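data.cif follows (mmCIF, C-alpha atoms and all ligand atoms):
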```cif
data_query
#
loop_
_atom_site.label_atom_id
_atom_site.label_comp_id
_atom_site.auth_asym_id
_atom_site.auth_seq_id
_atom_site.Cartn_x
_atom_site.Cartn_y
_atom_site.Cartn_z
CA MET A 1 -48.01 -17.27 -31.96
CA ALA A 2 -44.80 -18.96 -33.08
CA ASP A 3 -42.52 -17.32 -30.56
CA LYS A 4 -44.39 -18.38 -27.48
CA VAL A 5 -41.68 -20.25 -25.61
CA ILE A 6 -38.69 -17.97 -25.05
CA CYS A 7 -35.47 -19.07 -23.36
CA VAL A 8 -33.17 -16.38 -21.99
CA THR A 9 -29.57 -17.52 -21.81
CA SER A 10 -26.00 -16.12 -21.94
CA GLY A 11 -23.19 -18.56 -21.27
CA LYS A 12 -21.50 -16.20 -18.84
CA GLY A 13 -23.05 -15.78 -15.41
CA GLY A 14 -24.35 -12.58 -13.88
CA VAL A 15 -25.01 -10.70 -17.12
CA GLY A 16 -28.71 -10.12 -16.43
CA LYS A 17 -30.67 -13.19 -17.59
CA SER A 18 -32.97 -13.31 -14.57
CA THR A 19 -33.41 -9.53 -14.50
CA VAL A 20 -34.38 -9.48 -18.17
CA THR A 21 -36.64 -12.53 -17.87
CA GLY A 22 -38.51 -11.13 -14.87
CA ASN A 23 -38.93 -7.75 -16.49
CA LEU A 24 -40.04 -8.95 -19.93
CA ALA A 25 -42.52 -11.36 -18.35
CA THR A 26 -43.90 -8.56 -16.17
CA ALA A 27 -44.10 -6.09 -19.05
CA LEU A 28 -46.05 -8.50 -21.26
CA ALA A 29 -48.38 -9.52 -18.43
CA ALA A 30 -48.98 -5.83 -17.65
CA LYS A 31 -50.14 -5.46 -21.24
CA GLY A 32 -52.73 -8.15 -20.69
CA TYR A 33 -50.98 -11.25 -21.99
CA LYS A 34 -51.02 -14.39 -19.91
CA VAL A 35 -47.41 -15.13 -19.03
CA VAL A 36 -45.52 -17.76 -17.06
CA ALA A 37 -41.85 -17.43 -16.14
CA ILE A 38 -40.06 -20.69 -15.44
CA ASP A 39 -36.93 -20.53 -13.29
CA ALA A 40 -34.72 -23.23 -14.78
CA ASP A 41 -31.71 -22.32 -12.64
CA ILE A 42 -32.13 -25.33 -10.38
CA GLY A 43 -30.29 -24.99 -7.09
CA LEU A 44 -29.79 -21.23 -7.50
CA ARG A 45 -33.35 -19.93 -7.35
CA ASN A 46 -33.41 -16.25 -8.24
CA LEU A 47 -36.35 -15.21 -10.34
CA ASP A 48 -38.65 -15.26 -7.30
CA LEU A 49 -36.56 -12.49 -5.72
CA ILE A 50 -36.72 -10.28 -8.79
CA LEU A 51 -40.51 -10.62 -8.84
CA GLY A 52 -40.77 -10.31 -5.04
CA LEU A 53 -42.52 -13.69 -4.75
CA GLU A 54 -40.14 -15.65 -2.52
CA ASN A 55 -42.61 -15.83 0.38
CA ARG A 56 -45.38 -17.35 -1.69
CA ILE A 57 -43.57 -20.44 -2.89
CA VAL A 58 -44.91 -23.76 -1.66
CA TYR A 59 -44.06 -26.16 -4.47
CA ASP A 60 -41.37 -25.99 -7.11
CA ILE A 61 -40.57 -27.46 -10.51
CA VAL A 62 -38.93 -30.57 -9.05
CA HIS A 63 -42.09 -31.34 -7.06
CA VAL A 64 -43.96 -31.27 -10.35
CA ILE A 65 -41.47 -33.63 -11.99
CA GLU A 66 -41.54 -35.98 -9.01
CA GLY A 67 -45.33 -36.06 -9.23
CA VAL A 68 -45.81 -34.48 -5.80
CA CYS A 69 -48.22 -31.94 -7.29
CA PRO A 70 -49.67 -30.95 -10.66
CA VAL A 71 -48.01 -28.03 -12.43
CA GLU A 72 -51.00 -25.71 -11.83
CA LYS A 73 -50.51 -26.09 -8.11
CA ALA A 74 -46.84 -25.12 -8.26
CA LEU A 75 -47.49 -21.91 -10.20
CA VAL A 76 -47.13 -18.81 -8.02
CA LYS A 77 -49.49 -16.01 -8.98
CA ASP A 78 -47.82 -12.61 -9.06
CA LYS A 79 -49.00 -10.19 -6.42
CA ARG A 80 -49.02 -7.06 -8.57
CA THR A 81 -49.41 -8.03 -12.16
CA LYS A 82 -52.48 -9.95 -13.18
CA ASN A 83 -51.86 -12.80 -15.64
CA LEU A 84 -48.29 -13.32 -14.44
CA TYR A 85 -47.18 -16.64 -12.96
CA LEU A 86 -43.89 -18.03 -11.74
CA LEU A 87 -42.82 -21.67 -11.78
CA PRO A 88 -40.03 -21.60 -9.18
CA ALA A 89 -36.79 -23.55 -9.34
CA ALA A 90 -35.95 -25.96 -6.55
CA GLN A 91 -33.39 -24.47 -4.22
CA THR A 92 -32.05 -27.66 -2.67
CA LYS A 93 -31.72 -29.92 -5.72
CA ASP A 94 -29.15 -29.77 -8.50
CA LYS A 95 -29.34 -29.41 -12.26
CA SER A 96 -29.72 -33.13 -12.86
CA ALA A 97 -33.15 -33.07 -11.16
CA VAL A 98 -34.66 -31.59 -14.34
CA LYS A 99 -33.98 -33.35 -17.63
CA PRO A 100 -34.68 -31.78 -21.03
CA GLU A 101 -37.67 -34.10 -21.55
CA ASP A 102 -39.09 -33.09 -18.13
CA LEU A 103 -39.02 -29.42 -19.05
CA VAL A 104 -40.45 -30.16 -22.50
CA ALA A 105 -43.35 -32.01 -20.85
CA ILE A 106 -44.00 -29.14 -18.44
CA VAL A 107 -43.88 -26.54 -21.20
CA GLU A 108 -46.23 -28.61 -23.36
CA SER A 109 -48.70 -28.89 -20.50
CA LEU A 110 -48.66 -25.09 -20.10
CA ARG A 111 -48.54 -24.11 -23.76
CA ASN A 112 -52.26 -23.92 -24.42
CA ASN A 113 -52.98 -21.86 -21.31
CA PHE A 114 -50.43 -19.10 -21.85
CA ASP A 115 -49.53 -16.47 -24.43
CA PHE A 116 -45.86 -16.44 -23.41
CA ILE A 117 -43.67 -18.94 -21.57
CA PHE A 118 -40.27 -17.59 -20.46
CA ILE A 119 -37.47 -19.90 -19.37
CA ASP A 120 -34.68 -18.36 -17.28
CA SER A 121 -31.60 -20.42 -18.12
CA PRO A 122 -28.73 -21.08 -15.74
CA ALA A 123 -25.28 -19.78 -16.69
CA GLY A 124 -22.89 -22.18 -18.37
CA ILE A 125 -23.14 -24.52 -21.33
CA GLU A 126 -23.73 -27.79 -19.54
CA GLU A 127 -26.85 -29.86 -18.97
CA GLY A 128 -28.79 -27.08 -17.19
CA PHE A 129 -28.35 -24.81 -20.19
CA LYS A 130 -29.32 -27.57 -22.62
CA THR A 131 -32.42 -28.38 -20.58
CA ALA A 132 -33.48 -24.72 -20.57
CA VAL A 133 -33.00 -24.28 -24.32
CA THR A 134 -34.58 -27.57 -25.46
CA PRO A 135 -38.28 -26.54 -25.21
CA ALA A 136 -37.72 -23.03 -26.64
CA ASP A 137 -39.17 -21.68 -29.89
CA THR A 138 -36.98 -18.60 -29.55
CA VAL A 139 -33.69 -18.07 -27.76
CA ILE A 140 -32.62 -14.69 -26.43
CA VAL A 141 -28.92 -14.29 -25.72
CA ILE A 142 -27.92 -11.64 -23.21
CA ALA A 143 -24.47 -10.10 -23.55
CA ASN A 144 -22.77 -7.31 -21.67
CA PRO A 145 -20.52 -5.11 -23.84
CA GLU A 146 -17.49 -6.84 -22.44
CA MET A 147 -14.96 -9.36 -23.80
CA ALA A 148 -15.80 -12.53 -21.85
CA SER A 149 -19.53 -12.06 -22.12
CA ILE A 150 -19.39 -11.59 -25.89
CA ARG A 151 -17.17 -14.61 -26.34
CA ASP A 152 -19.54 -16.74 -24.27
CA ALA A 153 -22.55 -15.41 -26.16
CA ASP A 154 -20.93 -16.57 -29.39
CA ARG A 155 -20.30 -20.01 -27.92
CA VAL A 156 -23.92 -20.31 -26.80
CA THR A 157 -25.05 -19.21 -30.27
CA GLY A 158 -23.05 -22.04 -31.81
CA LEU A 159 -24.50 -24.56 -29.38
CA CYS A 160 -28.06 -23.39 -30.08
CA SER A 161 -27.50 -23.85 -33.78
CA ALA A 162 -26.12 -27.35 -33.12
CA MET A 163 -29.35 -28.04 -31.19
CA GLY A 164 -31.34 -27.05 -34.27
CA LYS A 165 -32.71 -23.82 -32.77
CA PRO A 166 -33.28 -20.71 -34.85
CA GLU A 167 -30.54 -18.10 -34.53
CA PRO A 168 -30.79 -16.40 -31.11
CA LYS A 169 -31.78 -12.77 -30.78
CA LEU A 170 -29.45 -10.47 -28.92
CA ILE A 171 -30.01 -8.16 -25.97
CA VAL A 172 -27.04 -6.00 -25.01
CA ASN A 173 -27.39 -5.33 -21.29
CA ARG A 174 -25.57 -2.86 -19.03
CA LEU A 175 -24.37 -0.56 -21.77
CA ASP A 176 -22.83 2.55 -20.24
CA PRO A 177 -23.12 5.42 -22.75
CA LYS A 178 -20.52 7.42 -20.86
CA LYS A 179 -17.91 4.71 -21.26
CA VAL A 180 -18.87 4.18 -24.89
CA GLU A 181 -18.39 7.88 -25.62
CA LYS A 182 -15.01 7.84 -23.95
CA GLY A 183 -14.01 4.93 -26.18
CA ASP A 184 -13.60 2.60 -23.20
CA MET A 185 -16.58 0.33 -23.89
CA LEU A 186 -17.84 -1.45 -26.99
CA ASP A 187 -20.98 0.07 -28.44
CA ALA A 188 -24.08 -2.04 -29.13
CA GLU A 189 -23.30 -1.75 -32.84
CA ASP A 190 -19.88 -3.31 -32.28
CA VAL A 191 -21.41 -6.20 -30.34
CA VAL A 192 -23.98 -6.77 -33.07
CA GLN A 193 -21.31 -6.72 -35.74
CA ILE A 194 -19.01 -9.09 -33.84
CA LEU A 195 -21.73 -11.61 -32.99
CA GLY A 196 -23.73 -11.25 -36.19
CA LEU A 197 -27.08 -11.59 -34.42
CA GLU A 198 -30.33 -9.70 -34.75
CA LEU A 199 -30.51 -7.00 -32.07
CA LEU A 200 -33.64 -7.17 -29.95
CA GLY A 201 -32.68 -4.33 -27.67
CA ILE A 202 -30.15 -2.39 -25.65
CA VAL A 203 -30.58 -2.04 -21.90
CA PRO A 204 -28.44 0.67 -20.33
CA GLU A 205 -26.52 0.34 -17.10
CA ASP A 206 -28.95 1.56 -14.45
CA LYS A 207 -27.63 2.16 -10.96
CA GLU A 208 -31.18 1.92 -9.62
CA MET A 209 -31.42 -1.72 -10.71
CA VAL A 210 -30.15 -3.05 -7.41
CA SER A 211 -32.84 -1.18 -5.52
CA TYR A 212 -35.61 -2.53 -7.78
CA ILE A 213 -34.35 -6.02 -7.06
CA ASN A 214 -34.02 -5.28 -3.35
CA ARG A 215 -37.67 -4.24 -3.32
CA GLY A 216 -38.78 -7.12 -5.51
CA GLU A 217 -40.30 -4.66 -7.97
CA PRO A 218 -39.42 -5.16 -11.65
CA ALA A 219 -38.02 -1.98 -13.21
CA VAL A 220 -40.53 -2.13 -16.09
CA LEU A 221 -43.27 -1.11 -13.64
CA SER A 222 -41.47 2.16 -12.95
CA GLU A 223 -42.05 5.11 -15.25
CA THR A 224 -38.76 6.71 -14.23
CA SER A 225 -36.37 3.79 -14.78
CA ILE A 226 -34.40 4.11 -18.00
CA ALA A 227 -33.61 0.39 -18.02
CA GLY A 228 -37.32 -0.23 -17.41
CA LYS A 229 -38.19 1.79 -20.49
CA ALA A 230 -35.67 -0.11 -22.61
CA LEU A 231 -37.11 -3.41 -21.36
CA ARG A 232 -40.70 -2.30 -22.10
CA ASN A 233 -39.57 -1.52 -25.65
CA ILE A 234 -38.11 -5.01 -25.96
CA ALA A 235 -41.44 -6.47 -24.81
CA GLU A 236 -43.13 -4.47 -27.61
CA ARG A 237 -40.66 -5.89 -30.13
CA LEU A 238 -41.52 -9.40 -28.96
CA LEU A 239 -45.08 -8.55 -29.91
CA GLY A 240 -43.83 -7.76 -33.40
CA LYS A 241 -44.05 -3.98 -33.08
CA GLU A 242 -41.34 -1.81 -34.53
CA VAL A 243 -39.99 0.38 -31.77
CA PRO A 244 -36.93 2.55 -32.43
CA PHE A 245 -33.89 1.91 -30.24
CA LEU A 246 -33.48 4.36 -27.37
CA GLU A 247 -31.07 7.19 -27.97
CA LEU A 248 -28.57 6.52 -25.17
CA LYS A 249 -26.43 9.51 -24.39
CA ALA A 250 -24.02 10.19 -21.58
CA GLU A 251 -25.50 12.89 -19.38
CA GLY A 252 -23.64 16.13 -18.80
CA GLU A 253 -20.78 15.17 -21.08
CA GLY A 254 -20.66 18.21 -23.30
CA ILE A 255 -17.55 19.29 -25.13
CA LEU A 256 -16.76 21.67 -22.27
CA ASN A 257 -16.58 18.80 -19.80
CA LYS A 258 -14.36 16.87 -22.14
CA ILE A 259 -11.93 19.78 -22.37
CA LYS A 260 -12.04 20.15 -18.58
CA LYS A 261 -11.13 16.49 -18.26
CA LEU A 262 -8.20 16.91 -20.55
CA PHE A 263 -6.96 19.64 -18.22
CA GLY A 264 -7.23 17.33 -15.24
CA GLY A 265 -10.70 18.21 -13.98
CA THR A 266 -13.35 15.59 -13.44
CA MET B 1 -0.54 13.13 -14.93
CA GLY B 2 -0.05 16.54 -16.54
CA PHE B 3 -1.80 18.03 -19.51
CA MET B 4 0.86 17.08 -22.02
CA ASP B 5 0.87 13.45 -20.89
CA ARG B 6 -2.87 13.32 -21.13
CA LEU B 7 -2.79 14.82 -24.60
CA ARG B 8 -0.08 12.43 -25.73
CA ASP B 9 -2.00 9.47 -24.33
CA ALA B 10 -5.15 10.55 -26.07
CA PHE B 11 -3.35 10.50 -29.40
CA ARG B 12 -1.09 7.51 -28.97
CA LYS B 13 -3.30 4.80 -27.50
CA PRO B 14 -6.05 3.34 -29.62
CA PRO B 15 -9.34 3.46 -27.68
CA ALA B 16 -9.95 0.40 -25.49
CA LYS B 17 -13.13 -0.42 -27.40
CA GLU B 18 -11.18 -0.61 -30.65
CA VAL B 19 -8.68 -3.00 -29.10
CA ALA B 20 -11.53 -5.10 -27.70
CA ARG B 21 -13.23 -5.23 -31.09
CA GLN B 22 -10.12 -6.43 -32.87
CA ARG B 23 -9.25 -8.97 -30.19
CA LEU B 24 -12.78 -10.37 -30.15
CA GLN B 25 -12.93 -10.70 -33.91
CA LEU B 26 -9.80 -12.82 -33.84
CA ILE B 27 -10.83 -14.82 -30.76
CA LEU B 28 -14.23 -15.69 -32.24
CA LYS B 29 -12.68 -16.75 -35.51
CA TYR B 30 -10.64 -19.37 -33.67
CA ASP B 31 -13.45 -20.29 -31.26
CA ARG B 32 -15.85 -20.89 -34.16
CA ALA B 33 -13.29 -23.01 -35.99
CA GLY B 34 -12.61 -24.93 -32.78
CA LEU B 35 -8.91 -24.13 -33.04
CA PRO B 36 -6.57 -23.02 -30.28
CA PRO B 37 -5.60 -19.35 -30.79
CA ASN B 38 -1.99 -20.03 -31.67
CA ALA B 39 -2.69 -22.95 -34.00
CA ILE B 40 -2.36 -20.90 -37.15
CA ASN B 41 1.01 -19.46 -36.21
CA ALA B 42 2.31 -22.90 -35.30
CA VAL B 43 1.16 -24.31 -38.65
CA LYS B 44 2.67 -21.35 -40.47
CA ASP B 45 6.02 -21.77 -38.73
CA ALA B 46 6.10 -25.45 -39.60
CA ILE B 47 5.31 -24.73 -43.23
CA LEU B 48 7.88 -21.95 -43.51
CA ASN B 49 10.40 -24.30 -42.03
CA ALA B 50 9.56 -26.99 -44.58
CA LEU B 51 9.72 -24.54 -47.49
CA LYS B 52 13.02 -22.94 -46.71
CA ASP B 53 14.96 -25.44 -48.82
CA PHE B 54 13.19 -24.37 -52.01
CA PRO B 55 14.79 -21.28 -53.53
CA PHE B 56 11.92 -20.65 -55.98
CA ILE B 57 9.45 -20.04 -53.14
CA ASP B 58 8.94 -16.56 -51.74
CA ALA B 59 8.79 -17.40 -48.03
CA SER B 60 8.04 -13.81 -47.06
CA GLY B 61 4.81 -13.94 -49.03
CA VAL B 62 3.31 -17.04 -47.43
CA THR B 63 -0.15 -16.29 -46.05
CA ILE B 64 -2.37 -18.51 -43.96
CA ASN B 65 -6.04 -17.98 -43.15
CA ILE B 66 -9.02 -19.71 -41.65
CA SER B 67 -12.09 -19.58 -43.83
CA GLU B 68 -15.36 -21.37 -44.25
CA GLY B 69 -15.15 -24.51 -46.34
CA ASP B 70 -17.92 -25.73 -48.69
CA THR B 71 -19.10 -28.30 -46.18
CA ASP B 72 -19.90 -27.26 -42.64
CA ARG B 73 -16.19 -27.47 -41.81
CA GLU B 74 -13.76 -24.62 -41.57
CA LYS B 75 -10.63 -24.84 -43.66
CA ILE B 76 -7.13 -23.49 -43.35
CA GLU B 77 -6.02 -21.80 -46.55
CA ILE B 78 -2.34 -21.46 -47.26
CA GLU B 79 -0.98 -19.40 -50.12
CA VAL B 80 2.58 -20.06 -51.18
CA PRO B 81 3.81 -17.58 -53.79
CA VAL B 82 6.49 -18.56 -56.28
CA LYS B 83 9.32 -16.08 -56.78
CA ASN B 84 9.15 -14.29 -60.10
CA ASN B 85 12.53 -13.56 -61.50
N1 LIG C 301 -29.17 -2.96 -16.80
C1 LIG C 301 -28.60 -3.17 -15.60
N2 LIG C 301 -28.07 -2.13 -14.91
C2 LIG C 301 -27.48 -2.32 -13.71
N3 LIG C 301 -27.41 -3.49 -13.10
C3 LIG C 301 -27.93 -4.57 -13.71
C4 LIG C 301 -28.55 -4.46 -14.99
N4 LIG C 301 -28.96 -5.69 -15.36
C5 LIG C 301 -28.62 -6.54 -14.36
N5 LIG C 301 -28.00 -5.86 -13.37
C6 LIG C 301 -27.46 -6.42 -12.11
O1 LIG C 301 -26.60 -7.50 -12.41
C7 LIG C 301 -26.68 -8.50 -11.43
C8 LIG C 301 -26.88 -9.84 -12.08
O2 LIG C 301 -28.13 -9.88 -12.71
P1 LIG C 301 -28.95 -11.24 -12.88
O3 LIG C 301 -29.07 -11.96 -11.61
O4 LIG C 301 -30.18 -10.90 -13.63
O5 LIG C 301 -27.94 -12.00 -13.84
P2 LIG C 301 -28.04 -13.53 -14.30
O6 LIG C 301 -27.46 -13.56 -15.68
O7 LIG C 301 -29.40 -14.05 -14.13
O8 LIG C 301 -27.04 -14.22 -13.28
P3 LIG C 301 -26.82 -15.82 -13.08
O9 LIG C 301 -25.92 -16.23 -14.20
O10 LIG C 301 -26.18 -15.90 -11.75
O11 LIG C 301 -28.17 -16.45 -13.15
C9 LIG C 301 -27.80 -8.11 -10.50
O12 LIG C 301 -27.26 -7.58 -9.33
C10 LIG C 301 -28.56 -7.04 -11.26
O13 LIG C 301 -29.08 -6.07 -10.39
MG MG C 302 -30.07 -15.82 -13.09
#
```
Spit out the file's structure as structure tokens when you get a sec.
Ligand SMILES: Nc1ncnc2c1ncn2[C@@H]1O[C@H](COP(=O)(O)OP(=O)(O)OP(=O)(O)O)[C@@H](O)[C@H]1O
Ligand SMILES: [Mg+2]
Amino acid sequence: MADKVICVTSGKGGVGKSTVTGNLATALAAKGYKVVAIDADIGLRNLDLILGLENRIVYDIVHVIEGVCPVEKALVKDKRTKNLYLLPAAQTKDKSAVKPEDLVAIVESLRNNFDFIFIDSPAGIEEGFKTAVTPADTVIVIANPEMASIRDADRVTGLCSAMGKPEPKLIVNRLDPKKVEKGDMLDAEDVVQILGLELLGIVPEDKEMVSYINRGEPAVLSETSIAGKALRNIAERLLGKEVPFLELKAEGEGILNKIKKLFGGT
Amino acid sequence: MGFMDRLRDAFRKPPAKEVARQRLQLILKYDRAGLPPNAINAVKDAILNALKDFPFIDASGVTINISEGDTDREKIEIEVPVKNN
């Protein structure tokens, strides 16, 4: 498989990189693929929380680089999903503790044992970002339908191309259909047109997301989560399947409600 | 806000997403070219200033654009129309 090593990045912070990484890794592992998710956000460990694995960490990626333990020993096996492993970031070190060539060496040592290797990139465009992108076959850029996020996504796209990577694929996260219908928020189509990237998927704003993260249970494991469904579809697309984009509609926003609003109702 | 205000607002203001789209398209054009956002206007002003001594030039028709050059560099294209009389 050509697209085995996938880096999830965004430029802007807090747009959903770790959430998407944890969920896509879980969804593919749940389908039977052997998956490892590498947290490359050194100093700001996060992916362990999303997967609910924080209590199982003994070694981290910097221990592997320092030769304290072999990479196999640092991998944390997921408690729910078979075939899913986490390589945690170090919480006490900084970005300079992992150089691009270190991550390349780790990825190469894992490549033959896994179907998918996800790399959760830190925010920004500095060395941490470059390290995370360097080993990747495929880059996924996450953007929220919002000015700063889109601008940063474009910047990251330019940097990836300067690094000789194939053009990133786009995930639009936190799209709120209600705001789009009101004309307050850019639609996914607008974002695609502005950035000129291939759209991998649209993940709606889901107010339940915080509770999935609080529980350490990825949303893709829930049948009722709308964001979970969108993320499962993206996982299918990574497998090369053609899945139509979800029809995202604002609930209870019929014409009657719109007229009511015009008259000052809510 | 009363009904009439709301109605007027709905017709007068372009939707926020439309404004965002237009702003972003412009911002990214400059970002990609590695130019500061006001660079083009500054260049245009300087050129207009330099051209004002030539009566055969139609200063009102001067246009300036960023476009992709043949190499991997962006170029600034300036069109200076001659007055036809
Ligand atoms: N589709 C969504 N709906 C609602 N909330 C979301 C969604 N996606 C992400 N979030 C929330 O956004 C916040 C930031 O998400 P996350 O930590 O994944 O972003 P990040 O890009 O990894 O951030 P950082 O740049 O700090 O690493 C979290 O609180 C998460 O719950
Ligand atoms: Mg993160």
Would you mind telling me which residue in A:Gly11, A:Pro145, A:Gly52, A:Gly67 lies nearest to chain B when using only C-alpha atoms? A:Pro145
Cut-off 12 Å around (-46.7, -26.8, -21.4) with only C-alpha atoms: residues as a PDB file with C-alpha atoms, in the coordinates of the input:
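See result33.pdb below for the written result:
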```
ATOM      1  CA  LYS A   4     -44.390 -18.380 -27.480  1.00  0.00           C
ATOM      2  CA  VAL A   5     -41.680 -20.250 -25.610  1.00  0.00           C
ATOM      3  CA  VAL A  35     -47.410 -15.130 -19.030  1.00  0.00           C
ATOM      4  CA  VAL A  36     -45.520 -17.760 -17.060  1.00  0.00           C
ATOM      5  CA  ALA A  37     -41.850 -17.430 -16.140  1.00  0.00           C
ATOM      6  CA  ILE A  38     -40.060 -20.690 -15.440  1.00  0.00           C
ATOM      7  CA  PRO A  70     -49.670 -30.950 -10.660  1.00  0.00           C
ATOM      8  CA  VAL A  71     -48.010 -28.030 -12.430  1.00  0.00           C
ATOM      9  CA  GLU A  72     -51.000 -25.710 -11.830  1.00  0.00           C
ATOM     10  CA  LEU A  87     -42.820 -21.670 -11.780  1.00  0.00           C
ATOM     11  CA  GLU A 101     -37.670 -34.100 -21.550  1.00  0.00           C
ATOM     12  CA  ASP A 102     -39.090 -33.090 -18.130  1.00  0.00           C
ATOM     13  CA  LEU A 103     -39.020 -29.420 -19.050  1.00  0.00           C
ATOM     14  CA  VAL A 104     -40.450 -30.160 -22.500  1.00  0.00           C
ATOM     15  CA  ALA A 105     -43.350 -32.010 -20.850  1.00  0.00           C
ATOM     16  CA  ILE A 106     -44.000 -29.140 -18.440  1.00  0.00           C
ATOM     17  CA  VAL A 107     -43.880 -26.540 -21.200  1.00  0.00           C
ATOM     18  CA  GLU A 108     -46.230 -28.610 -23.360  1.00  0.00           C
ATOM     19  CA  SER A 109     -48.700 -28.890 -20.500  1.00  0.00           C
ATOM     20  CA  LEU A 110     -48.660 -25.090 -20.100  1.00  0.00           C
ATOM     21  CA  ARG A 111     -48.540 -24.110 -23.760  1.00  0.00           C
ATOM     22  CA  ASN A 112     -52.260 -23.920 -24.420  1.00  0.00           C
ATOM     23  CA  ASN A 113     -52.980 -21.860 -21.310  1.00  0.00           C
ATOM     24  CA  PHE A 114     -50.430 -19.100 -21.850  1.00  0.00           C
ATOM     25  CA  ASP A 115     -49.530 -16.470 -24.430  1.00  0.00           C
ATOM     26  CA  PHE A 116     -45.860 -16.440 -23.410  1.00  0.00           C
ATOM     27  CA  ILE A 117     -43.670 -18.940 -21.570  1.00  0.00           C
ATOM     28  CA  PHE A 118     -40.270 -17.590 -20.460  1.00  0.00           C
ATOM     29  CA  ILE A 119     -37.470 -19.900 -19.370  1.00  0.00           C
ATOM     30  CA  PRO A 135     -38.280 -26.540 -25.210  1.00  0.00           C
ATOM     31  CA  ALA A 136     -37.720 -23.030 -26.640  1.00  0.00           C
TER      32      ALA A 136
END
```
Could you please tell me, as a ChimeraX atom specification, which residues of chain B have an atom within 9 Å of chain A when using all atoms listed in the file? /B:1-3,6-7,10,14-18,20-21,23-25,27-28,31-32
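Counting from CA of Gly13 (chain A), the distance to CA of Lys93 (chain A) is 19.2 Å.
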List all protein, DNA and RNA residues that have an atom no more than 9 Å from any atom of ligand MG 302 (chain C), counting all atoms listed in the file, and report them as an MDAnalysis selection string. chainID A and resid 9 13:19 21 39:41 44:47 120:123
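If you measure from each of A:Ile142, A:Leu199, A:Val220, A:Val64 to ligand LIG 301 (chain C) using all atoms listed in the file, the closest one turns out to be A:Ile142.
Atom pair CA of Leu238 (chain A) / atom O8 of ligand LIG 301 (chain C): separated by 21.9 Å.
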Within 12 Å of Asp58 (chain B) using all atoms listed in the file, minus same-chain residues under 6 positions, as an MDAnalysis selection string: chainID B and resid 48 51:52 79:85
Hey, can I get the axis-aligned box for region 69-81 of chain A? All listed atoms, 5 Å padding on each side, centre and edge lengths in Å to one decimal, as lines of an AutoDock Vina configuration file.
```
center_x = -48.9
center_y = -19.5
center_z = -9.4
size_x = 14.2
size_y = 34.9
size_z = 16.0
```
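Candidate residues A:Lys165, A:Arg232, A:Arg174, A:Lys95 were compared for distance to Val62 (chain A), and the nearest is A:Lys95, using all atoms listed in the file.
Between CA of Thr138 (chain A) and CA of Asp60 (chain A) lies a distance of 24.0 Å.
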So that I can see what lies close to Lys75 (chain B), please list as a tab-separated table (two decimals) with C-alpha atoms, in the frame of the given file the residues with an atom at most 9 Å from it, counting only C-alpha atoms and leaving out residues fewer than 6 positions away in the same chain.
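So result-v2.tsv came out as:
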```
chain	number	residue	atom	x	y	z
B	33	ALA	CA	-13.29	-23.01	-35.99
B	65	ASN	CA	-6.04	-17.98	-43.15
B	66	ILE	CA	-9.02	-19.71	-41.65
B	67	SER	CA	-12.09	-19.58	-43.83
B	68	GLU	CA	-15.36	-21.37	-44.25
B	69	GLY	CA	-15.15	-24.51	-46.34
```
